[in-house]
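Asker: Below you'll find the structure I mean.
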Amino acid sequence: MKLNRKLLTGIFFLQLAVSAKAQQVLTLEQAIDLGLKNNFDIRLARNDAEVAANDNAYANFAFAPRLNGTASNVWNNTATKQEFGNGTKRDTSGIKNRQLQASVNLNWTLFDGLKMFATRQRIQAIEILGELSVKNQVENSIANIINGYYNIAQQKQQLRALAEQMSISDERVKLSDAKFQTGLAPKTDWLQAKVDYNAQRANWLRQQTTIEQSKALLNQLMGIADGNLNYDVNDSIPVDLALSYGEILENLNNTNPQLKVARQNLEISKLVLKERKGDFYPVISFNSAYNFNQSNASAAINQFSPVFNQNRGFNYGFSATVPIFNGLNAHRALKAAKLDIQYQQLSVENTQSQVNLALTNAFKDYEYYKMSLTLEQESVDLARENTMVALERFRQGVSTTLEVKEAQQSLELAAYRLIQARYNTKVAETELHRLKGTLLK
């Protein structure tokens, strides 16, 4: 029995080794590197950050004067016929006129209630927000990639556990058939053993499909759009069992990406309030202009009209625009800015509460699954030994196939719980690092 089981298991793992040899092993570091380059959510966040950085690059020009130039060149062709009371007639048909106009206007805002300074600070704050949003998205995407990668690893471990079950069921089938042929057991034992083997074979095939689906999900997280699944992953799940709640909680408020984004949004709202307050102050500007006008006609309309006329001049001065009444729009905008500050402050407090809750729950999960790892590993060892004993007893004819099946089911459930406990411990560990903001090193 032991020889057959070892032979079947050896053949199965030999097939896996041959298959894995044809596939390139994708490491977690490579998966994360691909995700940082190609993940769509990260690329979208980076694009938003680049837009904000581009706006900030021109923020200082808010203090520069505005200079505009205009020019026009108009050709006229007029035909005028006149009859006067004394019987005199005048025909000025075919007179052509060309008018050239050009001007350069300068407007320089000297004071607007310090609004321009608040605007520059707000644009700078938006650029910082873009950088923080990128880091927050990177942390989230890395966490998803880690979970997706090790999800494939746990699915592969489940595949191995199913292979072990298949080898035990195959041995049951052979022993039941031998007993039936010698008249030591009814045919129903063999039939049931065969049904159980086929069910496990179906589960094994389904597990392979689940692995392929998990790879497709990881591809999406890595930003691989060609659907290439011809790679393998390491099937071990390393777990850090030495995480401390105190170390994670230390300085969490200053390292958590979500909190940093929420606080930056609050800072931007405060700067918007400064801008709105500037609407209540007068705007003082320096204005200057240079104008040029030229008119050139082919003939004079009358003896008093010039054939050629040219004007040019330069002017400058100061202007003040004092807000008196604009339908209370300035008051409405100011109140909206104050309400937005209240909203962002509540958002910070809400985010703080959510982060604290997520940290508490994640660490409780981490502690629970860390303790369950030892228990489940012991359960697997005991269930495996119990299955081997039951199978040997069945072969010697001192137990029934039902006893073997129950022992086998116990082993199957214990193996499933152990694999789930290991994966869930890794998920909790990853979540703790994400909340701390230490996944991106």
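Labels used: A, B, ... for chains in the order of the structure tokens, numbers from 1 for residues in each chain, and numbers from 1 for ligands as shown.
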Got a sec to tell me which of stretch 205-253 of chain A DSSP assigns to alpha helix (DSSP H), as a list in words?
Answerer: Leu205, Arg206, Gln207, Gln208, Thr209, Thr210, Ile211, Glu212, Gln213, Ser214, Lys215, Ala216, Leu217, Leu218, Asn219, Gln220, Leu221, Met222, Tyr245, Gly246, Glu247, Ile248, Leu249, Leu252 and Asn253 of chain A
Asker: Just to be explicit: take each residue in the selection above, keep N, CA and C atoms, and write the result as a compact mmCIF listing (two decimals), in the first residue's frame.
Answerer:
# COMPACT_ATOMS: atom_id res chain seq x y z
N LEU A 205 -9.49 18.57 -11.29
CA LEU A 205 -9.61 19.29 -12.56
C LEU A 205 -10.15 20.70 -12.35
N ARG A 206 -11.17 20.80 -11.47
CA ARG A 206 -11.72 22.11 -11.17
C ARG A 206 -10.69 23.01 -10.52
N GLN A 207 -9.84 22.45 -9.68
CA GLN A 207 -8.80 23.24 -9.01
C GLN A 207 -7.82 23.80 -10.03
N GLN A 208 -7.52 23.03 -11.06
CA GLN A 208 -6.64 23.54 -12.12
C GLN A 208 -7.26 24.75 -12.80
N THR A 209 -8.58 24.69 -13.03
CA THR A 209 -9.27 25.83 -13.63
C THR A 209 -9.22 27.04 -12.70
N THR A 210 -9.38 26.80 -11.41
CA THR A 210 -9.32 27.88 -10.43
C THR A 210 -7.95 28.54 -10.44
N ILE A 211 -6.91 27.76 -10.59
CA ILE A 211 -5.55 28.30 -10.65
C ILE A 211 -5.40 29.20 -11.88
N GLU A 212 -5.92 28.75 -13.03
CA GLU A 212 -5.84 29.56 -14.25
C GLU A 212 -6.62 30.87 -14.08
N GLN A 213 -7.77 30.80 -13.44
CA GLN A 213 -8.56 32.02 -13.20
C GLN A 213 -7.83 32.96 -12.25
N SER A 214 -7.16 32.40 -11.25
CA SER A 214 -6.40 33.23 -10.31
C SER A 214 -5.22 33.90 -11.02
N LYS A 215 -4.62 33.19 -11.97
CA LYS A 215 -3.54 33.80 -12.75
C LYS A 215 -4.07 34.94 -13.62
N ALA A 216 -5.25 34.75 -14.19
CA ALA A 216 -5.84 35.81 -15.01
C ALA A 216 -6.09 37.06 -14.17
N LEU A 217 -6.54 36.87 -12.92
CA LEU A 217 -6.75 38.00 -12.02
C LEU A 217 -5.44 38.69 -11.70
N LEU A 218 -4.38 37.91 -11.46
CA LEU A 218 -3.07 38.49 -11.19
C LEU A 218 -2.56 39.25 -12.41
N ASN A 219 -2.83 38.72 -13.60
CA ASN A 219 -2.44 39.42 -14.83
C ASN A 219 -3.07 40.81 -14.90
N GLN A 220 -4.34 40.88 -14.53
CA GLN A 220 -5.03 42.16 -14.58
C GLN A 220 -4.40 43.14 -13.58
N LEU A 221 -4.03 42.64 -12.42
CA LEU A 221 -3.39 43.49 -11.41
C LEU A 221 -2.01 43.95 -11.87
N MET A 222 -1.32 43.11 -12.64
CA MET A 222 0.00 43.47 -13.14
C MET A 222 -0.08 44.29 -14.42
N TYR A 245 1.90 44.80 17.56
CA TYR A 245 0.85 45.83 17.45
C TYR A 245 1.41 47.21 17.78
N GLY A 246 2.26 47.28 18.79
CA GLY A 246 2.83 48.56 19.19
C GLY A 246 3.69 49.17 18.10
N GLU A 247 4.50 48.34 17.44
CA GLU A 247 5.36 48.84 16.37
C GLU A 247 4.55 49.34 15.18
N ILE A 248 3.46 48.64 14.88
CA ILE A 248 2.61 49.06 13.76
C ILE A 248 1.87 50.35 14.10
N LEU A 249 1.41 50.45 15.33
CA LEU A 249 0.65 51.63 15.75
C LEU A 249 1.54 52.86 15.87
N LEU A 252 1.64 55.77 13.24
CA LEU A 252 0.72 55.36 12.17
C LEU A 252 0.02 56.57 11.55
N ASN A 253 -0.34 57.56 12.36
CA ASN A 253 -1.06 58.72 11.85
C ASN A 253 -0.27 59.51 10.82
Asker: Any idea what's packed within 12 Å of stretch 39-48 of chain A, counting only C-alpha atoms, ignoring anything in its chain fewer than 6 positions away? Could you give it as a PyMOL selection string?
Answerer: chain A and resi 31-33+54-55+126-142+144-145+218-225
Asker: Grab the residues selected above and save them as an mmCIF file, in the first residue's frame with N, CA and C atoms.
Answerer:
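To be explicit, this is the file written out as out_10.cif:
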data_model
loop_
_atom_site.group_PDB
_atom_site.id
_atom_site.type_symbol
_atom_site.label_atom_id
_atom_site.label_comp_id
_atom_site.auth_asym_id
_atom_site.auth_seq_id
_atom_site.Cartn_x
_atom_site.Cartn_y
_atom_site.Cartn_z
ATOM 1 N N ALA A 31 6.431 40.199 -9.963
ATOM 2 C CA ALA A 31 5.012 40.550 -10.102
ATOM 3 C C ALA A 31 4.766 41.987 -9.647
ATOM 4 N N ILE A 32 5.370 42.360 -8.514
ATOM 5 C CA ILE A 32 5.200 43.731 -8.014
ATOM 6 C C ILE A 32 5.829 44.726 -8.978
ATOM 7 N N ASP A 33 6.997 44.392 -9.520
ATOM 8 C CA ASP A 33 7.671 45.293 -10.457
ATOM 9 C C ASP A 33 6.823 45.513 -11.702
ATOM 10 N N ASN A 54 2.141 69.737 -13.611
ATOM 11 C CA ASN A 54 2.207 70.662 -14.739
ATOM 12 C C ASN A 54 1.589 72.016 -14.379
ATOM 13 N N ASP A 55 0.452 71.990 -13.667
ATOM 14 C CA ASP A 55 -0.172 73.249 -13.240
ATOM 15 C C ASP A 55 0.740 74.008 -12.280
ATOM 16 N N ILE A 126 -2.147 70.939 -4.326
ATOM 17 C CA ILE A 126 -2.760 69.936 -5.204
ATOM 18 C C ILE A 126 -1.688 69.018 -5.790
ATOM 19 N N GLU A 127 -0.517 69.568 -6.101
ATOM 20 C CA GLU A 127 0.570 68.712 -6.593
ATOM 21 C C GLU A 127 0.999 67.711 -5.514
ATOM 22 N N ILE A 128 1.101 68.176 -4.278
ATOM 23 C CA ILE A 128 1.451 67.273 -3.173
ATOM 24 C C ILE A 128 0.375 66.203 -3.012
ATOM 25 N N LEU A 129 -0.895 66.614 -3.143
ATOM 26 C CA LEU A 129 -1.997 65.651 -3.058
ATOM 27 C C LEU A 129 -1.871 64.592 -4.144
ATOM 28 N N GLY A 130 -1.483 64.999 -5.342
ATOM 29 C CA GLY A 130 -1.297 64.032 -6.425
ATOM 30 C C GLY A 130 -0.225 63.005 -6.089
ATOM 31 N N GLU A 131 0.878 63.456 -5.502
ATOM 32 C CA GLU A 131 1.949 62.534 -5.119
ATOM 33 C C GLU A 131 1.477 61.579 -4.026
ATOM 34 N N LEU A 132 0.727 62.106 -3.055
ATOM 35 C CA LEU A 132 0.215 61.254 -1.982
ATOM 36 C C LEU A 132 -0.802 60.246 -2.517
ATOM 37 N N SER A 133 -1.614 60.679 -3.462
ATOM 38 C CA SER A 133 -2.604 59.773 -4.050
ATOM 39 C C SER A 133 -1.928 58.645 -4.814
ATOM 40 N N VAL A 134 -0.831 58.972 -5.501
ATOM 41 C CA VAL A 134 -0.083 57.932 -6.217
ATOM 42 C C VAL A 134 0.467 56.909 -5.229
ATOM 43 N N LYS A 135 1.062 57.392 -4.136
ATOM 44 C CA LYS A 135 1.624 56.462 -3.145
ATOM 45 C C LYS A 135 0.525 55.609 -2.525
ATOM 46 N N ASN A 136 -0.622 56.228 -2.242
ATOM 47 C CA ASN A 136 -1.736 55.472 -1.669
ATOM 48 C C ASN A 136 -2.193 54.390 -2.635
ATOM 49 N N GLN A 137 -2.294 54.731 -3.926
ATOM 50 C CA GLN A 137 -2.715 53.744 -4.914
ATOM 51 C C GLN A 137 -1.665 52.660 -5.091
ATOM 52 N N VAL A 138 -0.405 53.043 -5.035
ATOM 53 C CA VAL A 138 0.674 52.052 -5.149
ATOM 54 C C VAL A 138 0.606 51.057 -4.000
ATOM 55 N N GLU A 139 0.396 51.563 -2.771
ATOM 56 C CA GLU A 139 0.288 50.678 -1.606
ATOM 57 C C GLU A 139 -0.888 49.712 -1.773
ATOM 58 N N ASN A 140 -2.026 50.239 -2.234
ATOM 59 C CA ASN A 140 -3.200 49.382 -2.428
ATOM 60 C C ASN A 140 -2.956 48.336 -3.509
ATOM 61 N N SER A 141 -2.332 48.765 -4.600
ATOM 62 C CA SER A 141 -2.088 47.834 -5.709
ATOM 63 C C SER A 141 -1.074 46.760 -5.321
ATOM 64 N N ILE A 142 -0.039 47.149 -4.586
ATOM 65 C CA ILE A 142 0.945 46.155 -4.135
ATOM 66 C C ILE A 142 0.278 45.133 -3.222
ATOM 67 N N ASN A 144 -2.843 44.227 -3.262
ATOM 68 C CA ASN A 144 -3.671 43.354 -4.105
ATOM 69 C C ASN A 144 -2.820 42.348 -4.866
ATOM 70 N N ILE A 145 -1.655 42.781 -5.342
ATOM 71 C CA ILE A 145 -0.774 41.876 -6.077
ATOM 72 C C ILE A 145 -0.245 40.784 -5.154
ATOM 73 N N LEU A 218 -4.384 37.905 -11.463
ATOM 74 C CA LEU A 218 -3.072 38.493 -11.189
ATOM 75 C C LEU A 218 -2.565 39.246 -12.412
ATOM 76 N N ASN A 219 -2.827 38.721 -13.598
ATOM 77 C CA ASN A 219 -2.441 39.419 -14.828
ATOM 78 C C ASN A 219 -3.072 40.806 -14.895
ATOM 79 N N GLN A 220 -4.343 40.877 -14.533
ATOM 80 C CA GLN A 220 -5.033 42.161 -14.578
ATOM 81 C C GLN A 220 -4.403 43.138 -13.581
ATOM 82 N N LEU A 221 -4.029 42.636 -12.415
ATOM 83 C CA LEU A 221 -3.392 43.493 -11.411
ATOM 84 C C LEU A 221 -2.014 43.948 -11.874
ATOM 85 N N MET A 222 -1.323 43.111 -12.639
ATOM 86 C CA MET A 222 0.000 43.468 -13.143
ATOM 87 C C MET A 222 -0.081 44.288 -14.417
ATOM 88 N N GLY A 223 -1.296 44.466 -14.956
ATOM 89 C CA GLY A 223 -1.459 45.243 -16.182
ATOM 90 C C GLY A 223 -1.040 44.490 -17.423
ATOM 91 N N ILE A 224 -1.096 43.145 -17.375
ATOM 92 C CA ILE A 224 -0.768 42.331 -18.546
ATOM 93 C C ILE A 224 -2.069 42.056 -19.289
ATOM 94 N N ALA A 225 -2.180 42.601 -20.494
ATOM 95 C CA ALA A 225 -3.453 42.536 -21.210
ATOM 96 C C ALA A 225 -3.513 41.401 -22.231
#
Asker: Determine the nearest neighbour of A:Thr430 from the options A:Gly148, A:Phe84, A:Asp91, A:Phe111, counting only C-alpha atoms.
Answerer: A:Gly148
Asker: Neighbours of stretch 56-60 of chain A within 10 Å (only C-alpha atoms; same-chain residues fewer than 5 positions away dropped), as a tab-separated table (two decimals) with all heavy atoms, in the first residue's frame?
Answerer:
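Result file around_1.tsv:
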chain	number	residue	atom	x	y	z
A	50	GLU	N	0.70	64.06	-12.63
A	50	GLU	CA	1.45	64.82	-13.63
A	50	GLU	C	0.69	66.07	-14.07
A	50	GLU	O	1.29	67.12	-14.33
A	50	GLU	CB	1.75	63.93	-14.84
A	50	GLU	CG	2.80	62.86	-14.56
A	50	GLU	CD	2.96	61.89	-15.72
A	50	GLU	OE1	2.29	62.09	-16.76
A	50	GLU	OE2	3.76	60.94	-15.60
A	51	VAL	N	-0.64	65.97	-14.15
A	51	VAL	CA	-1.45	67.14	-14.47
A	51	VAL	C	-1.28	68.20	-13.39
A	51	VAL	O	-1.10	69.40	-13.68
A	51	VAL	CB	-2.94	66.75	-14.62
A	51	VAL	CG1	-3.81	67.99	-14.73
A	51	VAL	CG2	-3.14	65.87	-15.85
A	116	MET	N	-4.05	85.88	-5.06
A	116	MET	CA	-3.09	85.23	-5.96
A	116	MET	C	-2.10	84.37	-5.17
A	116	MET	O	-1.66	83.32	-5.64
A	116	MET	CB	-2.36	86.27	-6.79
A	116	MET	CG	-1.49	87.23	-6.02
A	116	MET	SD	-0.67	88.45	-7.08
A	116	MET	CE	-2.04	89.57	-7.38
A	117	PHE	N	-1.75	84.80	-3.95
A	117	PHE	CA	-0.83	84.00	-3.13
A	117	PHE	C	-1.51	82.70	-2.68
A	117	PHE	O	-0.89	81.64	-2.69
A	117	PHE	CB	-0.38	84.81	-1.91
A	117	PHE	CG	0.47	86.00	-2.25
A	117	PHE	CD1	-0.10	87.23	-2.46
A	117	PHE	CD2	1.84	85.86	-2.39
A	117	PHE	CE1	0.68	88.34	-2.78
A	117	PHE	CE2	2.64	86.95	-2.72
A	117	PHE	CZ	2.05	88.19	-2.91
A	119	THR	N	-3.90	81.21	-4.25
A	119	THR	CA	-4.05	80.36	-5.43
A	119	THR	C	-2.77	79.57	-5.71
A	119	THR	O	-2.81	78.37	-6.00
A	119	THR	CB	-4.40	81.22	-6.66
A	119	THR	OG1	-5.64	81.90	-6.41
A	119	THR	CG2	-4.55	80.35	-7.89
A	120	ARG	N	-1.62	80.26	-5.60
A	120	ARG	CA	-0.36	79.56	-5.80
A	120	ARG	C	-0.16	78.45	-4.77
A	120	ARG	O	0.26	77.34	-5.10
A	120	ARG	CB	0.81	80.54	-5.75
A	120	ARG	CG	2.16	79.88	-6.02
A	120	ARG	CD	3.30	80.85	-5.96
A	120	ARG	NE	3.48	81.39	-4.61
A	120	ARG	CZ	4.51	82.18	-4.26
A	120	ARG	NH1	5.42	82.51	-5.15
A	120	ARG	NH2	4.60	82.64	-3.03
A	121	GLN	N	-0.46	78.75	-3.51
A	121	GLN	CA	-0.32	77.73	-2.47
A	121	GLN	C	-1.27	76.56	-2.71
A	121	GLN	O	-0.91	75.40	-2.47
A	121	GLN	CB	-0.59	78.36	-1.10
A	121	GLN	CG	0.45	79.38	-0.67
A	121	GLN	CD	0.08	80.10	0.61
A	121	GLN	OE1	-1.08	80.08	1.03
A	121	GLN	NE2	1.05	80.75	1.23
A	122	ARG	N	-2.49	76.85	-3.19
A	122	ARG	CA	-3.44	75.78	-3.46
A	122	ARG	C	-2.94	74.87	-4.59
A	122	ARG	O	-3.05	73.64	-4.51
A	122	ARG	CB	-4.81	76.36	-3.83
A	122	ARG	CG	-5.86	75.32	-4.18
A	122	ARG	CD	-7.21	75.94	-4.43
A	122	ARG	NE	-7.16	76.91	-5.52
A	122	ARG	CZ	-7.24	76.58	-6.82
A	122	ARG	NH1	-7.35	75.32	-7.18
A	122	ARG	NH2	-7.21	77.53	-7.74
A	123	ILE	N	-2.37	75.46	-5.63
A	123	ILE	CA	-1.85	74.65	-6.74
A	123	ILE	C	-0.69	73.78	-6.26
A	123	ILE	O	-0.57	72.61	-6.65
A	123	ILE	CB	-1.41	75.56	-7.89
A	123	ILE	CG1	-2.64	76.28	-8.48
A	123	ILE	CG2	-0.71	74.77	-8.98
A	123	ILE	CD1	-2.30	77.30	-9.55
A	124	GLN	N	0.17	74.34	-5.40
A	124	GLN	CA	1.26	73.55	-4.84
A	124	GLN	C	0.72	72.40	-3.98
A	124	GLN	O	1.24	71.28	-4.03
A	124	GLN	CB	2.19	74.44	-4.02
A	124	GLN	CG	2.97	75.46	-4.85
A	124	GLN	CD	3.72	76.46	-3.99
A	124	GLN	OE1	3.47	76.60	-2.79
A	124	GLN	NE2	4.66	77.18	-4.60
A	125	ALA	N	-0.32	72.70	-3.21
A	125	ALA	CA	-0.93	71.66	-2.36
A	125	ALA	C	-1.58	70.57	-3.19
A	125	ALA	O	-1.55	69.39	-2.82
A	125	ALA	CB	-1.96	72.29	-1.41
A	126	ILE	N	-2.15	70.94	-4.33
A	126	ILE	CA	-2.76	69.94	-5.20
A	126	ILE	C	-1.69	69.02	-5.79
A	126	ILE	O	-1.91	67.80	-5.94
A	126	ILE	CB	-3.56	70.63	-6.32
A	126	ILE	CG1	-4.81	71.31	-5.73
A	126	ILE	CG2	-3.97	69.64	-7.40
A	126	ILE	CD1	-5.61	72.10	-6.73
A	127	GLU	N	-0.52	69.57	-6.10
A	127	GLU	CA	0.57	68.71	-6.59
A	127	GLU	C	1.00	67.71	-5.51
A	127	GLU	O	1.21	66.52	-5.80
A	127	GLU	CB	1.77	69.55	-7.02
A	127	GLU	CG	2.91	68.69	-7.56
A	127	GLU	CD	4.14	69.49	-7.92
A	127	GLU	OE1	4.20	70.68	-7.59
A	127	GLU	OE2	5.06	68.92	-8.53
A	128	ILE	N	1.10	68.18	-4.28
A	128	ILE	CA	1.45	67.27	-3.17
A	128	ILE	C	0.37	66.20	-3.01
A	128	ILE	O	0.67	65.03	-2.79
A	128	ILE	CB	1.63	68.07	-1.87
A	128	ILE	CG1	2.81	69.02	-2.00
A	128	ILE	CG2	1.83	67.13	-0.68
A	128	ILE	CD1	2.98	69.97	-0.81
Asker: Which distance in Å separates atom CA of A:His433 and atom CA of A:Gln345, to one decimal?
Answerer: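 Taking atom CA of A:His433 and atom CA of A:Gln345, their separation equals 25.6 Å.
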Asker: Smallest atom-to-atom distance to A:Arg172: which of A:Leu440, A:Ile268, A:Leu402, A:Ala428, using only C-alpha atoms?
Answerer: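 So, comparing all the options, the nearest one is A:Leu402.
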Asker: From a DSSP calculation on the backbone, collect every residue of stretch 260-393 of chain A in strand (DSSP E or B) and output the set as number ranges by chain.
Answerer: A: 283-297, 308-321
Asker: Using only C-alpha atoms, which residue out of A:Thr438, A:Gln181, A:Ser103, A:Thr387 lies closest to A:Thr401?
Answerer: A:Thr387
Asker: Applying 6 Å and only C-alpha atoms, which residues near A:Val283 remain after dropping the ones on its own chain fewer than 5 positions away? List them as a short mmCIF file (atom, residue, chain, number, x, y, z; two decimals) with all heavy atoms, in the first residue's frame.
Answerer:
data_model
loop_
_atom_site.label_atom_id
_atom_site.label_comp_id
_atom_site.auth_asym_id
_atom_site.auth_seq_id
_atom_site.Cartn_x
_atom_site.Cartn_y
_atom_site.Cartn_z
N PHE A 111 -2.74 94.05 -6.45
CA PHE A 111 -3.33 93.62 -5.18
C PHE A 111 -4.73 93.09 -5.45
O PHE A 111 -5.53 93.73 -6.15
CB PHE A 111 -3.40 94.79 -4.19
CG PHE A 111 -4.06 94.43 -2.88
CD1 PHE A 111 -3.36 93.74 -1.91
CD2 PHE A 111 -5.38 94.77 -2.64
CE1 PHE A 111 -3.97 93.39 -0.70
CE2 PHE A 111 -6.00 94.44 -1.44
CZ PHE A 111 -5.28 93.74 -0.47
N ASP A 112 -5.02 91.90 -4.92
CA ASP A 112 -6.37 91.32 -5.06
C ASP A 112 -6.81 90.65 -3.77
O ASP A 112 -7.44 89.61 -3.78
CB ASP A 112 -6.42 90.33 -6.22
CG ASP A 112 -5.50 89.13 -6.00
OD1 ASP A 112 -4.70 89.16 -5.04
OD2 ASP A 112 -5.60 88.15 -6.77
N ALA A 320 -8.75 100.67 -10.00
CA ALA A 320 -9.19 99.96 -8.80
C ALA A 320 -10.62 99.50 -9.02
O ALA A 320 -11.48 100.29 -9.40
CB ALA A 320 -9.09 100.84 -7.57
N THR A 321 -10.83 98.21 -8.80
CA THR A 321 -12.17 97.65 -8.91
C THR A 321 -12.64 97.28 -7.51
O THR A 321 -12.05 96.42 -6.84
CB THR A 321 -12.18 96.40 -9.81
OG1 THR A 321 -11.66 96.75 -11.09
CG2 THR A 321 -13.58 95.85 -9.95
#
Asker: Which polymer residues have any atom within 12 Å of an atom of A:Asn203, counting only C-alpha atoms, with same-chain residues fewer than 3 positions away left out, as a PyMOL selection string?
Answerer: chain A and resi 155+158-163+165-166+196-200+206-210
Asker: Neighbouring residues of A:Leu26 were defined as those with any atom within 7 Å, considering only C-alpha atoms; residues of the same chain fewer than 6 positions away were excluded. Please report them as a list in words.
Answerer: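 In the requested form, the answer reads Tyr231, Asp232 and Val233 of chain A.
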Asker: Just how far from atom CA of A:Tyr281 is atom CA of A:Ala64, in Å to one decimal?
Answerer: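 Interatomic distance here is 19.7 Å.
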Asker: Grab the atom CA of A:Arg263 to atom CA of A:Asp340 distance for me, in Å with one decimal place.
Answerer: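 For atom CA of A:Arg263 relative to atom CA of A:Asp340, the distance reads 13.0 Å.
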Asker: In terms of the shortest atom-to-atom distance over only C-alpha atoms, which of A:Leu435, A:Ala297, A:Ala333, A:Ala202 is closest to A:Gln354?
Answerer: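 Result for the nearest residue to A:Gln354: A:Leu435.
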Asker: Looking at only C-alpha atoms, which of A:Asn361, A:Thr78, A:Thr188, A:Asn287 is the one that sits closest to A:Phe314?
Answerer: A:Asn287
Asker: Restricting the calculation to only C-alpha atoms, which member of A:Ser305, A:Thr80, A:Ser236, A:Asn311 is positioned closest to A:Asn293?
Answerer: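 Distance minimum relative to A:Asn293 lands on A:Asn311.
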